[in-house]
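Reproduced below: my_file.txt, with compact mmCIF, C-alpha atoms.
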```txt
# COMPACT_ATOMS: atom_id res chain seq x y z
CA MET A 12 16.71 -10.23 6.08
CA LYS A 13 17.30 -7.28 3.81
CA ASN A 14 15.64 -9.18 1.02
CA ASN A 15 12.60 -9.70 3.22
CA LYS A 16 12.21 -5.96 3.84
CA LEU A 17 12.42 -5.27 0.13
CA LYS A 18 9.73 -7.88 -0.44
CA ILE A 19 7.37 -6.15 2.00
CA LEU A 20 7.93 -2.89 0.17
CA THR A 21 7.36 -4.22 -3.35
CA ASN A 22 4.48 -6.48 -2.34
CA GLY A 23 1.99 -3.63 -2.41
CA ILE A 24 3.24 -2.15 -5.64
CA ILE A 25 2.82 -5.19 -7.87
CA ARG A 26 1.94 -8.59 -6.41
CA GLU A 27 -0.75 -7.41 -4.02
CA ASN A 28 -1.63 -4.10 -5.63
CA PRO A 29 -4.42 -2.79 -3.39
CA VAL A 30 -6.62 -1.48 -6.19
CA LEU A 31 -6.18 -3.85 -9.11
CA VAL A 32 -5.54 -7.15 -7.32
CA LEU A 33 -7.19 -6.81 -3.91
CA VAL A 34 -9.95 -4.54 -5.33
CA LEU A 35 -9.97 -2.28 -2.26
CA GLY A 36 -10.70 1.43 -2.14
CA THR A 37 -12.55 1.50 -5.44
CA CYS A 38 -14.82 4.46 -4.66
CA PRO A 39 -12.23 7.27 -4.49
CA THR A 40 -10.18 5.75 -7.32
CA LEU A 41 -13.14 5.80 -9.68
CA ALA A 42 -14.31 9.22 -8.59
CA ILE A 43 -11.11 11.26 -8.73
CA SER A 44 -9.36 9.69 -11.71
CA THR A 45 -10.77 12.23 -14.16
CA GLN A 46 -7.52 14.19 -14.37
CA ALA A 47 -3.97 12.93 -13.92
CA ILE A 48 -3.14 15.64 -11.39
CA ASN A 49 -6.12 14.66 -9.21
CA GLY A 50 -5.08 11.01 -9.33
CA LEU A 51 -1.56 11.92 -8.25
CA GLY A 52 -2.84 14.24 -5.49
CA MET A 53 -5.19 11.62 -4.10
CA GLY A 54 -2.44 9.00 -4.37
CA ILE A 55 -0.01 11.11 -2.34
CA SER A 56 -2.69 11.84 0.29
CA VAL A 57 -3.45 8.13 0.67
CA LEU A 58 0.28 7.30 0.76
CA VAL A 59 0.85 9.77 3.63
CA VAL A 60 -2.19 8.68 5.64
CA LEU A 61 -1.48 4.98 5.13
CA THR A 62 2.18 5.23 6.13
CA CYS A 63 1.50 7.39 9.21
CA SER A 64 -1.44 5.32 10.43
CA ASN A 65 0.48 2.07 9.91
CA ILE A 66 3.40 3.39 11.99
CA MET A 67 1.09 4.69 14.72
CA ILE A 68 -1.10 1.60 14.96
CA SER A 69 1.86 -0.73 14.95
CA ALA A 70 3.48 1.31 17.74
CA LEU A 71 0.28 1.24 19.78
CA LYS A 72 -0.60 -2.39 19.13
CA ARG A 73 0.18 -3.51 22.69
CA ILE A 74 -1.83 -0.70 24.28
CA ILE A 75 -5.03 -0.93 22.22
CA PRO A 76 -7.46 -3.46 23.75
CA ASP A 77 -8.52 -6.09 21.25
CA THR A 78 -12.27 -5.57 21.71
CA VAL A 79 -12.27 -1.89 20.74
CA ARG A 80 -9.48 -2.00 18.17
CA ILE A 81 -11.55 -0.98 15.11
CA PRO A 82 -12.85 2.29 16.69
CA CYS A 83 -9.27 3.02 17.85
CA TYR A 84 -7.93 2.49 14.34
CA ILE A 85 -10.64 4.76 12.95
CA VAL A 86 -9.68 7.57 15.36
CA VAL A 87 -5.99 7.27 14.43
CA ILE A 88 -6.81 7.27 10.71
CA ALA A 89 -9.30 10.15 11.01
CA THR A 90 -6.67 12.23 12.79
CA PHE A 91 -4.17 11.83 9.97
CA VAL A 92 -6.86 12.44 7.36
CA THR A 93 -7.79 15.71 9.06
CA MET A 94 -4.12 16.75 9.05
CA VAL A 95 -3.80 16.01 5.33
CA GLN A 96 -7.08 17.85 4.68
CA LEU A 97 -5.87 20.98 6.50
CA VAL A 98 -2.49 20.91 4.73
CA LEU A 99 -4.17 20.59 1.32
CA LYS A 100 -6.60 23.41 2.14
CA ALA A 101 -3.74 25.69 3.15
CA PHE A 102 -1.20 24.99 0.40
CA VAL A 103 -3.01 23.56 -2.65
CA PRO A 104 -6.59 24.88 -2.42
CA ALA A 105 -7.28 24.04 -6.08
CA LEU A 106 -6.54 20.35 -5.49
CA ASP A 107 -8.59 20.39 -2.28
CA LYS A 108 -11.52 21.75 -4.24
CA ALA A 109 -11.15 19.16 -7.01
CA LEU A 110 -10.96 16.23 -4.59
CA GLY A 111 -13.74 17.66 -2.40
CA VAL A 112 -15.63 15.15 -0.30
CA TYR A 113 -13.27 12.31 -1.25
CA ILE A 114 -10.56 13.63 1.10
CA PRO A 115 -12.59 13.10 4.31
CA LEU A 116 -13.74 9.82 2.80
CA ILE A 117 -10.16 8.47 2.99
CA VAL A 118 -11.20 7.59 6.57
CA VAL A 119 -13.52 4.85 5.37
CA ASN A 120 -11.17 3.73 2.58
CA CYS A 121 -10.86 0.00 3.17
CA ILE A 122 -7.19 -0.07 2.05
CA ILE A 123 -6.13 1.83 5.16
CA LEU A 124 -8.34 0.05 7.69
CA GLY A 125 -7.55 -3.23 5.97
CA ARG A 126 -3.78 -2.77 6.25
CA ALA A 127 -4.12 -1.68 9.87
CA GLU A 128 -6.06 -4.84 10.68
CA ALA A 129 -4.15 -7.28 8.49
CA PHE A 130 -0.58 -6.00 8.78
CA ALA A 131 0.18 -3.15 11.21
CA SER A 132 -1.53 -4.81 14.18
CA LYS A 133 0.72 -7.85 13.87
CA ASN A 134 4.11 -6.57 12.68
CA SER A 135 6.96 -4.34 13.85
CA VAL A 136 6.98 -0.57 13.31
CA VAL A 137 9.60 -0.67 10.54
CA ASP A 138 7.84 -3.46 8.63
CA SER A 139 4.51 -1.65 8.96
CA MET A 140 6.05 1.55 7.65
CA LEU A 141 7.47 -0.29 4.62
CA ASP A 142 4.12 -1.99 4.04
CA GLY A 143 2.38 1.40 4.24
CA ILE A 144 4.80 2.96 1.76
CA GLY A 145 4.53 -0.01 -0.62
CA MET A 146 0.75 -0.17 -0.54
CA GLY A 147 0.53 3.62 -0.78
CA LEU A 148 2.83 3.67 -3.81
CA GLY A 149 0.78 0.89 -5.39
CA TYR A 150 -2.36 2.94 -4.87
CA MET A 151 -0.72 6.12 -6.13
CA LEU A 152 0.61 4.49 -9.30
CA THR A 153 -2.72 2.86 -10.11
CA ALA A 154 -4.72 6.02 -9.49
CA THR A 155 -2.31 8.08 -11.61
CA VAL A 156 -2.16 5.59 -14.48
CA MET A 157 -5.94 5.28 -14.54
CA ALA A 158 -6.36 9.05 -14.40
CA CYS A 159 -3.84 9.47 -17.26
CA ILE A 160 -5.77 7.00 -19.43
CA ARG A 161 -9.09 8.69 -18.71
CA GLU A 162 -7.71 12.19 -19.21
CA LEU A 163 -6.04 11.18 -22.49
CA LEU A 164 -9.15 9.51 -23.89
CA GLY A 165 -11.67 11.97 -22.51
CA ASN A 166 -9.85 15.25 -22.92
CA GLY A 167 -6.83 14.55 -25.15
CA THR A 168 -4.39 15.74 -22.48
CA ILE A 169 -2.10 14.30 -19.79
CA PHE A 170 -1.31 16.51 -16.76
CA GLY A 171 -2.88 19.35 -18.75
CA LYS A 172 -0.49 18.94 -21.71
CA VAL A 173 -2.21 18.56 -25.07
CA ILE A 174 -1.29 15.19 -26.60
CA THR A 175 -3.76 14.07 -29.23
CA ALA A 176 -5.03 17.38 -30.57
CA GLY A 177 -6.19 17.05 -34.17
CA THR A 178 -5.62 13.29 -34.40
CA ILE A 179 -8.30 11.77 -32.18
CA THR A 180 -11.50 13.49 -31.17
CA PRO A 181 -11.67 13.18 -27.37
CA PHE A 182 -14.72 11.29 -26.13
CA THR A 183 -15.96 13.10 -23.07
CA ILE A 184 -17.79 10.04 -21.77
CA MET A 185 -14.44 8.72 -20.50
CA ILE A 186 -14.14 11.42 -17.86
CA MET A 187 -17.76 10.90 -16.82
CA ALA A 188 -19.05 8.17 -14.53
CA PRO A 189 -19.50 5.32 -17.07
CA GLY A 190 -15.93 5.82 -18.38
CA GLY A 191 -14.60 5.34 -14.85
CA PHE A 192 -16.24 1.94 -14.46
CA PHE A 193 -15.19 0.96 -17.98
CA VAL A 194 -11.48 1.88 -17.71
CA PHE A 195 -11.29 0.24 -14.27
CA GLY A 196 -12.89 -2.95 -15.56
CA VAL A 197 -10.53 -3.12 -18.53
CA LEU A 198 -7.48 -2.47 -16.30
CA ILE A 199 -8.47 -5.32 -13.99
CA ALA A 200 -8.97 -7.58 -17.01
CA VAL A 201 -5.47 -6.65 -18.27
CA VAL A 202 -3.95 -7.48 -14.88
CA ASN A 203 -5.88 -10.78 -14.89
CA LYS A 204 -4.49 -11.57 -18.32
CA LEU A 205 -0.90 -10.70 -17.36
CA THR A 206 -0.98 -12.74 -14.17
CA LYS A 207 -3.01 -15.46 -15.94
CA GLY A 208 -5.63 -15.24 -13.22
CA LYS A 209 -3.31 -16.78 -10.63
CA VAL A 210 -3.44 -13.91 -8.18
CA ALA A 211 -6.99 -13.08 -9.02
CA GLU A 212 -8.31 -16.46 -8.06
CA LYS A 213 -6.64 -16.22 -4.71
CA CYS A 214 -7.63 -12.71 -3.78
CA GLN A 215 -10.45 -11.25 -5.81
CA ASN A 216 -13.91 -10.87 -4.39
CA LYS A 217 -12.65 -11.84 -0.96
CA CYS A 218 -11.77 -8.25 0.02
CA LEU A 219 -8.61 -9.61 1.67
CA GLY A 220 -7.74 -7.80 4.83
CA CYS A 221 -10.92 -5.73 4.87
CA PRO A 222 -12.51 -5.86 8.33
CA GLY A 223 -15.88 -6.17 6.67
CA ALA A 224 -14.76 -9.28 4.77
CA ALA A 225 -16.13 -11.67 7.36
CA PHE A 226 -19.54 -10.03 7.17
CA CYS A 227 -19.40 -9.88 3.38
CA SER A 228 -18.91 -13.61 3.03
CA GLU A 229 -21.54 -14.20 5.71
CA VAL A 230 -24.04 -12.12 3.75
CA GLN A 231 -23.21 -13.91 0.52
CA LYS A 232 -23.42 -17.32 2.16
CA GLU A 233 -26.77 -16.53 3.71
CA GLY A 234 -28.07 -15.12 0.45
CA GLY A 235 -27.01 -18.37 -1.19
CA GLU A 236 -28.72 -20.55 1.40
CA GLU A 237 -31.98 -18.68 1.11
CA ALA A 238 -31.96 -19.06 -2.64
CA MET B 16 -39.91 25.24 0.92
CA SER B 17 -42.18 24.76 -2.07
CA LEU B 18 -43.42 21.36 -3.17
CA SER B 19 -41.46 21.51 -6.41
CA ALA B 20 -38.25 22.15 -4.43
CA VAL B 21 -38.98 19.03 -2.38
CA PHE B 22 -39.45 16.93 -5.50
CA TYR B 23 -36.37 18.46 -7.10
CA ILE B 24 -34.07 17.52 -4.20
CA VAL B 25 -35.44 13.99 -3.82
CA LEU B 26 -35.56 13.16 -7.53
CA SER B 27 -32.15 14.58 -8.32
CA ALA B 28 -30.65 12.54 -5.45
CA ILE B 29 -32.34 9.41 -6.81
CA ILE B 30 -31.79 9.82 -10.54
CA THR B 31 -29.40 12.46 -11.83
CA ASN B 32 -26.97 12.51 -8.89
CA ASN B 33 -27.29 8.83 -8.08
CA TYR B 34 -24.80 8.09 -5.32
CA VAL B 35 -23.50 4.86 -6.75
CA LEU B 36 -23.63 5.42 -10.48
CA ALA B 37 -22.79 9.12 -10.72
CA LYS B 38 -20.86 9.94 -7.54
CA PHE B 39 -19.11 6.61 -6.94
CA LEU B 40 -20.04 6.38 -3.28
CA GLY B 41 -20.76 2.97 -1.78
CA ILE B 42 -19.14 0.96 -4.57
CA CYS B 43 -17.96 -1.80 -2.21
CA PRO B 44 -21.44 -3.00 -1.19
CA PHE B 45 -22.63 -2.28 -4.73
CA LEU B 46 -20.14 -4.80 -6.12
CA GLY B 47 -20.03 -7.10 -3.10
CA VAL B 48 -23.65 -7.64 -2.09
CA SER B 49 -25.45 -7.27 -5.42
CA LYS B 50 -25.19 -10.94 -6.39
CA LYS B 51 -28.53 -11.94 -4.89
CA LEU B 52 -31.63 -9.79 -5.09
CA ASP B 53 -32.64 -10.58 -1.47
CA SER B 54 -29.40 -9.47 0.10
CA ALA B 55 -29.20 -6.46 -2.24
CA MET B 56 -32.60 -5.31 -0.99
CA GLY B 57 -31.76 -5.96 2.67
CA MET B 58 -28.55 -3.98 2.39
CA SER B 59 -30.28 -1.07 0.62
CA VAL B 60 -33.07 -0.79 3.20
CA ALA B 61 -30.47 -0.79 5.97
CA VAL B 62 -28.55 1.94 4.11
CA ILE B 63 -31.65 4.18 3.75
CA PHE B 64 -32.42 3.68 7.44
CA VAL B 65 -28.91 4.55 8.67
CA MET B 66 -28.46 7.41 6.16
CA VAL B 67 -31.56 9.24 7.40
CA ILE B 68 -30.79 8.70 11.08
CA ALA B 69 -27.10 9.62 10.63
CA THR B 70 -28.07 12.88 8.93
CA ALA B 71 -30.61 13.66 11.65
CA VAL B 72 -27.80 13.34 14.20
CA THR B 73 -24.78 14.81 12.37
CA TRP B 74 -26.48 17.92 10.96
CA PRO B 75 -27.37 19.38 14.39
CA ILE B 76 -23.90 18.42 15.71
CA GLN B 77 -22.21 20.35 12.90
CA THR B 78 -24.52 23.37 13.08
CA TYR B 79 -25.05 23.79 16.81
CA LEU B 80 -21.85 22.34 18.22
CA LEU B 81 -18.91 22.44 15.80
CA ASP B 82 -19.69 25.60 13.82
CA LYS B 83 -20.80 27.50 16.91
CA HIS B 84 -17.51 26.86 18.70
CA GLY B 85 -15.30 27.24 15.61
CA MET B 86 -14.32 23.57 15.51
CA GLY B 87 -15.35 22.82 11.94
CA TYR B 88 -12.04 21.07 11.35
CA MET B 89 -13.08 18.27 13.73
CA GLN B 90 -15.86 17.28 11.30
CA THR B 91 -14.22 14.13 9.92
CA ILE B 92 -13.29 12.61 13.28
CA ILE B 93 -16.59 13.48 14.99
CA PHE B 94 -18.77 12.30 12.11
CA ILE B 95 -17.14 8.92 11.69
CA LEU B 96 -17.24 8.23 15.43
CA VAL B 97 -20.86 9.34 15.70
CA ILE B 98 -21.81 7.11 12.77
CA ALA B 99 -19.93 4.12 14.20
CA ALA B 100 -21.54 4.56 17.61
CA LEU B 101 -24.94 5.16 16.05
CA VAL B 102 -24.82 1.98 13.98
CA GLN B 103 -23.87 0.01 17.08
CA MET B 104 -26.74 1.55 19.06
CA ILE B 105 -29.26 0.92 16.31
CA GLU B 106 -28.18 -2.70 16.26
CA ILE B 107 -28.57 -3.11 20.04
CA PHE B 108 -31.92 -1.29 19.97
CA LEU B 109 -33.30 -3.42 17.14
CA LYS B 110 -32.08 -6.64 18.77
CA LYS B 111 -33.92 -5.80 21.99
CA TYR B 112 -37.13 -4.20 20.78
CA ILE B 113 -37.76 -5.15 17.15
CA PRO B 114 -36.18 -8.62 16.74
CA ALA B 115 -37.98 -9.26 13.44
CA LEU B 116 -36.35 -6.22 11.82
CA HIS B 117 -33.01 -7.11 13.41
CA LYS B 118 -33.20 -10.54 11.86
CA SER B 119 -33.59 -9.13 8.36
CA LEU B 120 -31.25 -6.10 8.64
CA GLY B 121 -28.88 -7.21 11.42
CA ILE B 122 -26.15 -8.76 9.31
CA TYR B 123 -25.87 -5.68 7.09
CA LEU B 124 -25.53 -3.14 9.88
CA PRO B 125 -21.86 -3.73 10.86
CA LEU B 126 -20.89 -3.35 7.18
CA ILE B 127 -22.51 0.06 7.00
CA THR B 128 -20.04 1.85 9.29
CA THR B 129 -17.34 1.59 6.63
CA ASN B 130 -19.75 2.38 3.80
CA CYS B 131 -18.54 5.63 2.31
CA ALA B 132 -22.04 6.59 1.14
CA ILE B 133 -23.13 7.25 4.74
CA LEU B 134 -20.22 9.51 5.69
CA GLY B 135 -20.40 10.98 2.19
CA VAL B 136 -24.03 12.04 2.47
CA CYS B 137 -23.46 13.61 5.90
CA VAL B 138 -20.45 15.62 4.68
CA LEU B 139 -22.07 16.61 1.38
CA ASN B 140 -25.19 17.93 3.16
CA ILE B 141 -22.96 20.31 5.09
CA ASP B 142 -20.80 21.20 2.06
CA ASN B 143 -23.88 22.03 -0.02
CA GLY B 144 -25.18 24.31 2.73
CA TYR B 145 -28.51 22.45 3.03
CA GLY B 146 -30.90 23.27 5.88
CA PHE B 147 -32.14 20.52 8.17
CA LEU B 148 -35.22 19.61 6.14
CA GLN B 149 -33.30 19.74 2.85
CA SER B 150 -30.60 17.51 4.34
CA MET B 151 -33.15 14.95 5.46
CA LEU B 152 -34.79 14.93 2.02
CA ASN B 153 -31.42 14.62 0.31
CA SER B 154 -30.40 11.71 2.55
CA PHE B 155 -33.66 9.91 1.98
CA GLY B 156 -33.39 10.46 -1.78
CA SER B 157 -29.78 9.27 -1.83
CA GLY B 158 -30.76 6.13 0.06
CA VAL B 159 -33.57 5.42 -2.37
CA GLY B 160 -31.13 6.06 -5.24
CA PHE B 161 -28.80 3.46 -3.72
CA LEU B 162 -31.72 1.03 -3.53
CA LEU B 163 -32.65 1.67 -7.15
CA ALA B 164 -29.06 1.13 -8.33
CA MET B 165 -28.72 -2.07 -6.27
CA PHE B 166 -32.07 -3.39 -7.48
CA LEU B 167 -31.33 -2.75 -11.15
CA PHE B 168 -27.79 -4.02 -10.91
CA ALA B 169 -28.75 -7.24 -9.11
CA GLY B 170 -30.96 -7.95 -12.14
CA VAL B 171 -28.17 -7.14 -14.59
CA ARG B 172 -25.74 -9.35 -12.70
CA SER B 173 -28.01 -12.37 -12.63
CA LYS B 174 -28.03 -12.15 -16.44
CA ILE B 175 -24.29 -11.71 -16.99
CA GLU B 176 -23.34 -14.55 -14.62
CA THR B 177 -24.53 -17.12 -17.13
CA ASN B 178 -22.87 -15.52 -20.15
CA ASP B 179 -19.70 -16.69 -21.81
CA TYR B 180 -17.03 -14.00 -21.90
CA PRO B 181 -13.20 -14.02 -22.19
CA GLU B 182 -11.28 -15.63 -19.34
CA ALA B 183 -9.60 -12.37 -18.27
CA PHE B 184 -12.94 -10.65 -17.74
CA LYS B 185 -14.26 -13.26 -15.29
CA GLY B 186 -15.12 -11.86 -11.89
CA VAL B 187 -14.83 -8.21 -10.98
CA ALA B 188 -13.84 -6.99 -14.47
CA SER B 189 -17.10 -8.06 -16.13
CA THR B 190 -19.10 -6.68 -13.19
CA LEU B 191 -17.44 -3.29 -13.65
CA ILE B 192 -18.15 -3.22 -17.38
CA ALA B 193 -21.80 -4.03 -16.61
CA ALA B 194 -21.80 -1.21 -14.04
CA SER B 195 -20.43 1.09 -16.71
CA ILE B 196 -23.36 0.33 -19.01
CA THR B 197 -25.88 0.73 -16.16
CA SER B 198 -24.28 4.06 -15.32
CA LEU B 199 -24.50 5.08 -18.97
CA CYS B 200 -28.28 4.60 -18.80
CA PHE B 201 -28.49 6.95 -15.82
CA LEU B 202 -26.45 9.55 -17.70
CA GLY B 203 -29.38 9.82 -20.09
CA PHE B 204 -31.41 11.48 -17.34
CA SER B 205 -29.02 14.41 -16.92
CA GLY B 206 -30.64 17.78 -17.41
CA MET B 207 -34.12 16.24 -17.32
CA LEU B 208 -35.07 17.55 -13.86
CA GLU B 209 -33.74 21.04 -14.55
CA ASN B 210 -36.10 21.20 -17.53
CA ILE B 211 -39.11 19.88 -15.61
CA PHE B 212 -38.75 22.11 -12.58
CA GLY B 213 -37.17 25.05 -14.38
CA MET B 214 -34.30 25.39 -11.93
```
Mind turning this structure into structure tokens?
Amino acid sequence: MKNNKLKILTNGIIRENPVLVLVLGTCPTLAISTQAINGLGMGISVLVVLTCSNIMISALKRIIPDTVRIPCYIVVIATFVTMVQLVLKAFVPALDKALGVYIPLIVVNCIILGRAEAFASKNSVVDSMLDGIGMGLGYMLTATVMACIRELLGNGTIFGKVITAGTITPFTIMIMAPGGFFVFGVLIAVVNKLTKGKVAEKCQNKCLGCPGAAFCSEVQKEGGEEA
Amino acid sequence: MSLSAVFYIVLSAIITNNYVLAKFLGICPFLGVSKKLDSAMGMSVAVIFVMVIATAVTWPIQTYLLDKHGMGYMQTIIFILVIAALVQMIEIFLKKYIPALHKSLGIYLPLITTNCAILGVCVLNIDNGYGFLQSMLNSFGSGVGFLLAMFLFAGVRSKIETNDYPEAFKGVASTLIAASITSLCFLGFSGMLENIFGM
């Protein structure tokens, strides 16, 4: 039993890493990973929102009617996002400014809605909390690692500390938009290589757990039939 | 507002501040629906449509309701609910009155609620302090920018699908690298509009 709980917790960190394996929540990850501190800040915000909303939704799962569950989930998530937003504004205004519009956009982050739909609505409060923490940590680690790589290559620093001064000329392109896509693509390729494509085949491109997944595959199928 | 200001807002939303390739909003549909040109176009038209209508509704709500009563902090909750309800209403309306349009856009509409580009454009219009007309222009331009990115990328993807690349890069990884190169092309436009319009 105890083993099972540990498995739920570690699932999100490695085996089903939300960003690199499930490819969910790509937009904020790409956008904010220009500096390690931003990646960490965004990661912590997502961790808090994900854990709280998982607990809340799992506790309310018997009360929420099935037909209107998605709007209900969105309200719960938006509430926690607003709380995080206000806390950031009050205590770390610099981070709030750096993350900007991507904080309110946590609401439409498919990791959170996806976990609510796929896990919290079916499991107990404790399990949902562990799942939220695991997935949140997985997101936080990925965002931070990616931000560290981009900051190191693009600016020669990590968390503001100068690392490669004088040895490598920083290439600014890495902290601009194309660098984001590039580093993310290479990271996914590395994960593919390490897992030998086993996980990838199962999960990738299926947006597992995303409520839009059904529509996605429908769109792709229909596109295929027309062509 | 002068004509050059109009062009400046629209063109910068389309080219230099492209929502997908420069601001990373709406990456999910960008990667998910760009495999076929037809569905990429359908999705983009639906996005333009909803973006403009969502801005037309959320801007007055923020200005005349939330700001007036000091409830600016409710922005996130109100906006996402308004957008979700709006998308649902548009779908019902189209189904009843314009079935032809519903047939071509219908399947993309439910996806749009969770598209961060829509909420993003509504929030950014407020953050940038745009007036109503400027907001509408910015939303339209952003939508067209999304269409342009989808259109170009659908073409790029149809080429890379047939190529032979390392095993590990199959799937999303190669798509992202291709997106990186497409985004690099758009970076070449930076500063161009400022020079043309002298802003």
So that I can see what lies close to B:Cys43, please list as an MDAnalysis selection string the residues with an atom at most 9 Å from it, counting all atoms listed in the file and leaving out residues fewer than 3 positions away in the same chain.
(chainID A and resid 35:38) or (chainID B and resid 40 46:48 130:131)
Restricting the calculation to only C-alpha atoms, which member of A:Met146, A:Met157, A:Met67, A:Ile81 is positioned closest to chain B?
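The shortest atom-to-atom distance to chain B comes from A:Ile81.
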Sort by chain and increasing residue number a table of all residues of chain B within 9 Å of chain A, each with its closest pair of atoms and their distance in Å to one decimal, counting only C-alpha atoms, and write it as a Markdown table.
```
| residue | atom | partner | partner_atom | distance |
| --- | --- | --- | --- | --- |
| B:Val35 | CA | A:Cys38 | CA | 8.9 |
| B:Leu36 | CA | A:Ala188 | CA | 6.7 |
| B:Ala37 | CA | A:Ala188 | CA | 5.4 |
| B:Lys38 | CA | A:Ala42 | CA | 6.7 |
| B:Phe39 | CA | A:Cys38 | CA | 5.3 |
| B:Leu40 | CA | A:Cys38 | CA | 5.7 |
| B:Gly41 | CA | A:Cys38 | CA | 6.8 |
| B:Ile42 | CA | A:Cys38 | CA | 5.6 |
| B:Cys43 | CA | A:Thr37 | CA | 7.1 |
| B:Pro44 | CA | A:Cys227 | CA | 8.5 |
| B:Leu46 | CA | A:Asn216 | CA | 8.9 |
| B:Gly47 | CA | A:Cys227 | CA | 7.1 |
| B:Val48 | CA | A:Gln231 | CA | 6.8 |
| B:Lys50 | CA | A:Gln231 | CA | 7.8 |
| B:Lys51 | CA | A:Gly234 | CA | 6.2 |
| B:Leu52 | CA | A:Gly234 | CA | 8.5 |
| B:Asp53 | CA | A:Gly234 | CA | 6.7 |
| B:Ser54 | CA | A:Gly234 | CA | 5.8 |
| B:Tyr88 | CA | A:Thr93 | CA | 7.2 |
| B:Met89 | CA | A:Thr93 | CA | 7.5 |
| B:Gln90 | CA | A:Thr93 | CA | 8.5 |
| B:Thr91 | CA | A:Pro115 | CA | 5.9 |
| B:Ile92 | CA | A:Ala89 | CA | 5.2 |
| B:Ile93 | CA | A:Ala89 | CA | 8.9 |
| B:Ile95 | CA | A:Ile85 | CA | 7.8 |
| B:Leu96 | CA | A:Pro82 | CA | 7.5 |
| B:Ala99 | CA | A:Pro82 | CA | 7.7 |
| B:Ile122 | CA | A:Val230 | CA | 6.8 |
| B:Tyr123 | CA | A:Val230 | CA | 7.5 |
| B:Pro125 | CA | A:Phe226 | CA | 7.7 |
| B:Leu126 | CA | A:Gly223 | CA | 5.8 |
| B:Thr128 | CA | A:Val119 | CA | 8.2 |
| B:Thr129 | CA | A:Val119 | CA | 5.2 |
| B:Asn130 | CA | A:Val119 | CA | 6.9 |
| B:Cys131 | CA | A:Val119 | CA | 5.9 |
| B:Leu134 | CA | A:Leu116 | CA | 7.1 |
| B:Gly135 | CA | A:Leu116 | CA | 6.8 |
| B:Val138 | CA | A:Val112 | CA | 6.9 |
| B:Leu139 | CA | A:Val112 | CA | 6.8 |
| B:Asp142 | CA | A:Val112 | CA | 8.3 |
| B:Glu182 | CA | A:Lys204 | CA | 8.0 |
| B:Ala183 | CA | A:Ala200 | CA | 5.0 |
| B:Phe184 | CA | A:Ala200 | CA | 5.1 |
| B:Lys185 | CA | A:Ala200 | CA | 8.0 |
| B:Gly186 | CA | A:Asn216 | CA | 7.7 |
| B:Val187 | CA | A:Asn216 | CA | 7.2 |
| B:Ala188 | CA | A:Gly196 | CA | 4.3 |
| B:Ser189 | CA | A:Gly196 | CA | 6.6 |
| B:Thr190 | CA | A:Gly196 | CA | 7.6 |
| B:Leu191 | CA | A:Gly196 | CA | 4.9 |
| B:Ile192 | CA | A:Phe193 | CA | 5.2 |
| B:Ala193 | CA | A:Phe193 | CA | 8.4 |
| B:Ala194 | CA | A:Phe192 | CA | 6.4 |
| B:Ser195 | CA | A:Pro189 | CA | 4.3 |
| B:Ile196 | CA | A:Pro189 | CA | 6.6 |
| B:Thr197 | CA | A:Pro189 | CA | 7.9 |
| B:Ser198 | CA | A:Pro189 | CA | 5.2 |
| B:Leu199 | CA | A:Pro189 | CA | 5.4 |
| B:Cys200 | CA | A:Pro189 | CA | 9.0 |
| B:Leu202 | CA | A:Pro189 | CA | 8.2 |
```
For atom CA of A:Val136 and atom CA of A:Lys72, determine how far apart the two atoms are, in Å to one decimal place.
9.7 Å
Report, in Å with one decimal, the straight-line distance from atom CA of A:Leu51 to atom CA of A:Ala109.
12.1 Å
Nearest to B:Arg172, restricted to all atoms listed in the file and choosing among B:Phe201, B:Phe45, B:Val72, B:Val102, comes out as B:Phe45
With the cut-off set at 7 Å and counting only C-alpha atoms, tabulate each residue of stretch 19-70 of chain B with an atom at most that distance from an atom of stretch 156-171 of chain B, showing the nearest atom pair and its distance in Å to one decimal, ordered by chain and increasing number, as a tab-separated table.
```
residue	atom	partner	partner_atom	distance
B:Val25	CA	B:Gly156	CA	4.6
B:Leu26	CA	B:Gly156	CA	6.7
B:Ala28	CA	B:Ser157	CA	5.0
B:Ile29	CA	B:Gly160	CA	3.9
B:Ile30	CA	B:Gly160	CA	6.5
B:Asn33	CA	B:Gly160	CA	5.5
B:Tyr34	CA	B:Ser157	CA	6.2
B:Val35	CA	B:Phe161	CA	6.3
B:Phe45	CA	B:Met165	CA	6.3
B:Ser49	CA	B:Ala169	CA	5.0
B:Lys50	CA	B:Ala169	CA	5.8
B:Lys51	CA	B:Ala169	CA	6.3
B:Leu52	CA	B:Ala169	CA	5.6
B:Ala55	CA	B:Met165	CA	6.0
B:Met56	CA	B:Phe166	CA	6.8
B:Ser59	CA	B:Leu162	CA	4.9
B:Val62	CA	B:Gly158	CA	6.2
B:Ile63	CA	B:Gly158	CA	4.3
B:Met66	CA	B:Gly158	CA	6.6
```
Would you save the residues from that selection as a compact mmCIF listing (two decimals), keeping the file's coordinate frame, using C-alpha atoms?
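The new file part-v8.txt reads:
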```txt
# COMPACT_ATOMS: atom_id res chain seq x y z
CA VAL B 25 -35.44 13.99 -3.82
CA LEU B 26 -35.56 13.16 -7.53
CA ALA B 28 -30.65 12.54 -5.45
CA ILE B 29 -32.34 9.41 -6.81
CA ILE B 30 -31.79 9.82 -10.54
CA ASN B 33 -27.29 8.83 -8.08
CA TYR B 34 -24.80 8.09 -5.32
CA VAL B 35 -23.50 4.86 -6.75
CA PHE B 45 -22.63 -2.28 -4.73
CA SER B 49 -25.45 -7.27 -5.42
CA LYS B 50 -25.19 -10.94 -6.39
CA LYS B 51 -28.53 -11.94 -4.89
CA LEU B 52 -31.63 -9.79 -5.09
CA ALA B 55 -29.20 -6.46 -2.24
CA MET B 56 -32.60 -5.31 -0.99
CA SER B 59 -30.28 -1.07 0.62
CA VAL B 62 -28.55 1.94 4.11
CA ILE B 63 -31.65 4.18 3.75
CA MET B 66 -28.46 7.41 6.16
```
